Each structure stands twice: as C-alpha cells, then as structure tokens.
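Inspection log for the structure reproduced underneath, given as structure tokens.
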Number of protein chains: 2
Amino acid sequence: MTARRQPNPNTESVDNYLKAILTLGGPEESRVTGNALAHYLDVAPASITNMLQKLAASSPPLVEYERHRGVQLAASGKKRALEVVRHHRLIETFLYEVLDYPIDKVHEEAERLEHFISELFEERIAAKLGHPKIDPHGHCIPTMDGKMPKQNSISLTDALEGTFIVESVSDHDARTLKLLKSSGIGPGVHLRLKSQKADDFAVSIGRSAKTLHLTREAAAAIRIHPHH
Amino acid sequence: MTARRQPNPNTESVDNYLKAILTLGGPEESRVTGNALAHYLDVAPASITNMLQKLAASSPPLVEYERHRGVQLAASGKKRALEVVRHHRLIETFLYEVLDYPIDKVHEEAERLEHFISELFEERIAAKLGHPKIDPHGHCIPTMDGKMPKQNSISLTDALEGTFIVESVSDHDARTLKLLKSSGIGPGVHLRLKSQKADDFAVSIGRSAKTLHLTREAAAAIRIHPHH
DNA sequence: CAGCATATTTAGGCATGCCTAAATATTAGG
DNA sequence: CCTAATATTTAGGCATGCCTAAATATGCTG
C-alpha cells in the first residue's frame with residue numbers, strides 16, 4: 001500500500017534537519033558540523049550522524065556529507081528548506097494579520113503547521129496577504145521559486161554605540177520576544193545604543209529619553225540595519 | 001528529554017482510529033468490529049488489534065475493548081474524536097469561506113491539518129467565521145465542549161420517491177463531490193427522487209424538469225431531510 | 001609531535017505503527 | 001452439534017527516529 005523502494009523522505013524530522021542546516025550554514029552556506037546540529041536540534045550526536053547518512057543517501061540527495069567533515073545542503077535539500085521557511089513565515093504573517101494572534105504565539109503554531117500545508121494553502125494565504133515580502137518579525141519570506149533575498153543586517157551585540165533602525169527580532173524564544181514586544185521593540189523601531197557591557201545593553205527607543213537595559217540574550221535577538 | 005512513562009498517545013494515527021470508531025459506531029455509539037475498522041482505515045486486521053490494545057491500555061483509557069468483542073469509545077476517546085471532527089469541519093469551513101478553496105479540495109487539506117492545530121487556532125478561526133454550526137458540506141460542527149447535535153437525516157438510497165431538501169453531501173470522495181457540485185447538488189438544494197433502480201437514481205433539481213441519473217455511489221453520498 | 005580533549009561514528013536498544021503468516025476464536029449453516 | 005467460513009489474535013519483521021555506551025578520528029597544545 002505504502003511502498004517506497006527508493007528512499008525519498010519528506011518527514012517533519014527531515015524538514016527540521018534541512019532548516020537547521022540552512023540556518024547554521026548562514027548566507028555563505030558553509031559546512032555545518034554535527035555538533036552544531038546536535039546542539040541546535042537538541043538531539044544526541046549519534047542521531048545526527050544517522051540522519052545525515054540517510055539524507056545523503058536519498059535520491060535525489062538532500063545533503064552533501066562526508067564523514068567527519070560536516071554537511072552542506074544539496075540542491076533538493078536547499079529547495080525544500082527554503083520552501084519550509086517560506087511556509088513558516090507566511091503562516092506567521094497570516095496568523096498575525098488575519099487571525100489576530102499575539103506576536104509571541106505565532107512561532108510555535110507556524111513551527112508545527114509549516115510541514116503539513118499544501119501548495120494550494122501556501123498560495124492562497126500568500127494571495128490573501130498580498131504576497132508579503134517580510135513577516136511580522138521582520139524576516140524575509142523566500143519567494144515561490146526558492147530565492148531568499150539577502151539581508152545586510154547585523155546583530156545588536158555586534159553594533160557600536162549610535163542610532164539604528166531595527167530590522168528584525170528573533171522568534172526563536174517566545175519569552176524574549178514578549179519582553180521586547182512589551183518594551184516597544186520591533187521591526188522598524190528607531191533604537192539608540194548608549195553603552196554595552198558584558199550583559200547590559202543600554203538603549204533608548206525613538207525620541208524617548210528613558211534608558212532601557214537589555215540582557216545580552218535579548219540584544220542578540222535584535223538585528224539592526226548597520227548604517228543610519 | 002521526551003520522557004513519557006505513562007502511555008498517553010495523541011498521535012495522528014491515534015486520532016484517526018478514534019475518529020473511525022466514532023463514525024462507524026454511529027449515533028447509538030454501538031460497538032465497532034475490528035474488521036470494519038480494518039476496511040475503513042485500510043490497514044491490516046493485525047494492526048487494528050495491536051492499536052486497540054494500546055488505546056485500551058493508555059491512561060486514561062481511550063477505548064473500551066474486549067478481545068473478540070469489538071470496541072467503543074471511552075470518555076476521553078470520545079472527547080478527542082469530537083475535538084478532531086470539530087477541527088476538521090471548522091478548517092473545511094475556513095478554507096471554503098476565507099481562503100476560497102474549491103469545495104472538492106477542502107477535505108484533503110482538513111484531513112491533514114486537523115491533527116496539528118492548537119486550541120488557539122481553533123478558537124480564532126471559529127471566531128472569524130462567527131462560530132458556525134454547519135460546514136460547507138452540510139455537516140454539524142461539534143461544539144467546543146464536545147457535543148454533537150444529532151442530525152435526523154436519511155440517505156438518498158433509503159428514500160422513497162418524493163421531494164426533499166438536501167441536508168449534506170459526503171466529503172469522503174473528492175470525485176463524487178465534484179460530480180455532485182457540477183450537477184448543482186449541495187446542502188439546501190431541493191431534490192425530487194423520481195425513480196430508483198439498482199444503480200440508477202433518477203432525480204431532478206429545484207423546479208427544473210431535467211432528469212439527472214445518479215449512480216448508487218453518488219446517491220449514497222447524499223443525505224436528505226426525511227420529511228417535506 | 002605526542003597526548004589529551006573534543007567531535008564523530010558504530011553498535012545495540014527502544015517505541016511507534018505498520019506488515020505477513022500462522023494460530024485460534026466466533027458464528028453461521030447444514 | 002459439528003464444521004466451514006470468517007474474524008481476530010499472536011508472533012515475528014521492518015522502517016523511522018530517537019537513545020546510550022563504547023569505539024575511533026580529528027585537532028589543538030605544550
């Protein structure tokens with residue numbers, strides 16, 4: 001009934017490995033170590049090896065993998081990873097814009113649904129939203145044909161003192177996101193970095209004179225446009 | 001990390017077994033045979049036995065099961081089954097009303113997504129739709145607290161000649177649904193049954209004089225209000 | 001450049017959920 | 001009431017995807 005001689009996996013788990021490799025590889029698509037994956041996915045290193053072998057052996061191969069030398073996405077793997085990211089960000093936008101979700105609840109829902117929606121669903125919510133280019137966190141939405149525009153932002157933790165515009169806010173941790181939201185920090189907000197010590201980033205927002213103190217973790221979640 | 005000493009399964013597969021038992025048990029919630037389940041779920045009889053043992057052993061038990069005597073839903077099983085049916089029908093309504101899906105595409109999408117949406121998602125689409133009571137096929141949507149209003153409809157195959165109003169149309173088979181749609185048959189439509197032979201149900205729609213010939217399969221997909 | 005720390009891989013196990021084949025129980029017919 | 005057909009269960013296997021523990025490879029440092 002469900003014969004599958006040629007291994008051609010497209011499971012939730014596979015999706016998550018591909019997304020992780022895309023993310024950790026960065027814009028230069030450099031090789032990703034098993035260790036980094038193990039940490040990122042919160043899975044034992046042995047499980048990583050196991051899965052990478054399967055991904056490399058599938059046809060078409062989803063990753064390029066050599067023992068002890070890390071992985072890179074192969075063409076099909078990159079295609080799928082970008083599709084899943086597109087799904088994720090469209091769903092987040094949809095939940096936020098159409099279903100009035102609070103911003104700190106969109107990630108968890110999108111993380112589950114991204115694997116299960118059809119092409120039709122993707123197309124219809126994109127149309128409903130007017131084919132948006134960025135999601136509510138300020139992240140680029142990959143195009144239908146699998147292209148992701150490059151962002152030239154930097155992390156607030158890497159910034160010198162000065163004034164910036166917030167490009168995006170990480171949705172990885174709902175608590176941090178909620179904190180930032182309640183401080184008024186989100187995409188498009190004008191931010192002045194006044195001083196940065198080890199775990200204390202002093203900022204002010206817009207024209208406000210009030211100083212806000214962010215932890216390093218919170219600052220790391222903020223990406224800013226480098227100039228201006 | 002993912003410790004789960006007490007078996008408390010809530011997988012897609014479990015959902016589908018519970019839904020199947022709910023459906024096959026009918027409004028009287030009579031015991032369902034393994035055989036019926038095997039046919040309905042397109043799974044080997046041995047797999048049914050296996051799963052039923054697990055469902056009965058879980059705490060709280062999802063089904064009441066005795067060897068060689070069929071199954072019935074236990075309280076928690078019924079609760080979950082109705083929740084999944086509610087999800088399914090709300091999603092179908094949402095796809096149809098908000099995302100402009102064609103009627104014959106809503107079932108497949110809902111069948112996948114029903115297992116993965118959160119309570120919040122359920123609540124928000126219900127609100128967006130104005131808390132609908134019936135889905136686009138004419139089926140009742142179970143309430144939030146797990147009650148399903150009884151329908152007193154009968155199948156067109158069980159009807160005598162006469163005039164009726166269509167209550168609902170089965171979404172189980174997309175081809176049949178598409179056929180009925182293109183013939184103009186859907187919930188609320190006035191239908192006159194002119195004659196029924198083995199595999200030929202002659203009907204006319206509304207005031208039209210034109211006679212339409214339906215196969216038994218197509219007629220079986222139509223449920224009508226018995227009086228009027 | 002040897003040795004130690006770290007990263008990776010192999011080997012063996014477990015749960016889920018499916019399968020087939022071979023028992024065994026139930027039911028219906030003669 | 002006994003037998004044959006049908007339904008159900010047991011037993012043993014397979015793939016996925018995770019785990020731990022024990023090798024083994026890599027690479028950094030003194």
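Every chain in the structure tokens takes a letter, A first, then B, and so on in the order presented; its residues are numbered from 1, and the ligands are numbered from 1 following the presented order.
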For chain C, list the residues within 12 Å of chain A, counting only C-alpha atoms (C1' of nucleotides), and write the list as JSON, numbers by chain.
{"C": [6, 7, 8, 9, 10, 11, 18, 19]}
Which residues of chain A are close to chain D, meaning at most 9 Å apart when you count only C-alpha atoms (C1' of nucleotides), and how do they look as a PyMOL selection string?
chain A and resi 13+43-44+46-47+51+68
Could you give me the residues within stretch 57-211 of chain B that DSSP places in strand (DSSP E or B), as a PyMOL selection string?
chain B and resi 63-65+71-73+134+140+154-155+162-169+190-197+200-205
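Take the candidates A:Gln196, A:Ser182, A:Ser118, A:Ser208 and check each one against B:Lys105 using only C-alpha atoms; the shortest distance goes to A:Ser118.
With only C-alpha atoms as the basis for measurement, A:Arg124 is the residue among A:Lys79, A:His115, A:Arg124, A:His131 that approaches chain B most closely.
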Provide as a PyMOL selection string the residues of chain B at most 9 Å from chain A, counting only C-alpha atoms.
chain B and resi 1+42+95+98-101+109+112-113+116-118+120-121+124-125+128
Compile the contact shell of A:Leu22 as a ChimeraX atom specification: residues with an atom at most 12 Å away, counting only C-alpha atoms (C1' of nucleotides), same-chain residues fewer than 2 positions apart removed.
/A:15-20,24-32,37,40,62-63,71-75,77-85,148
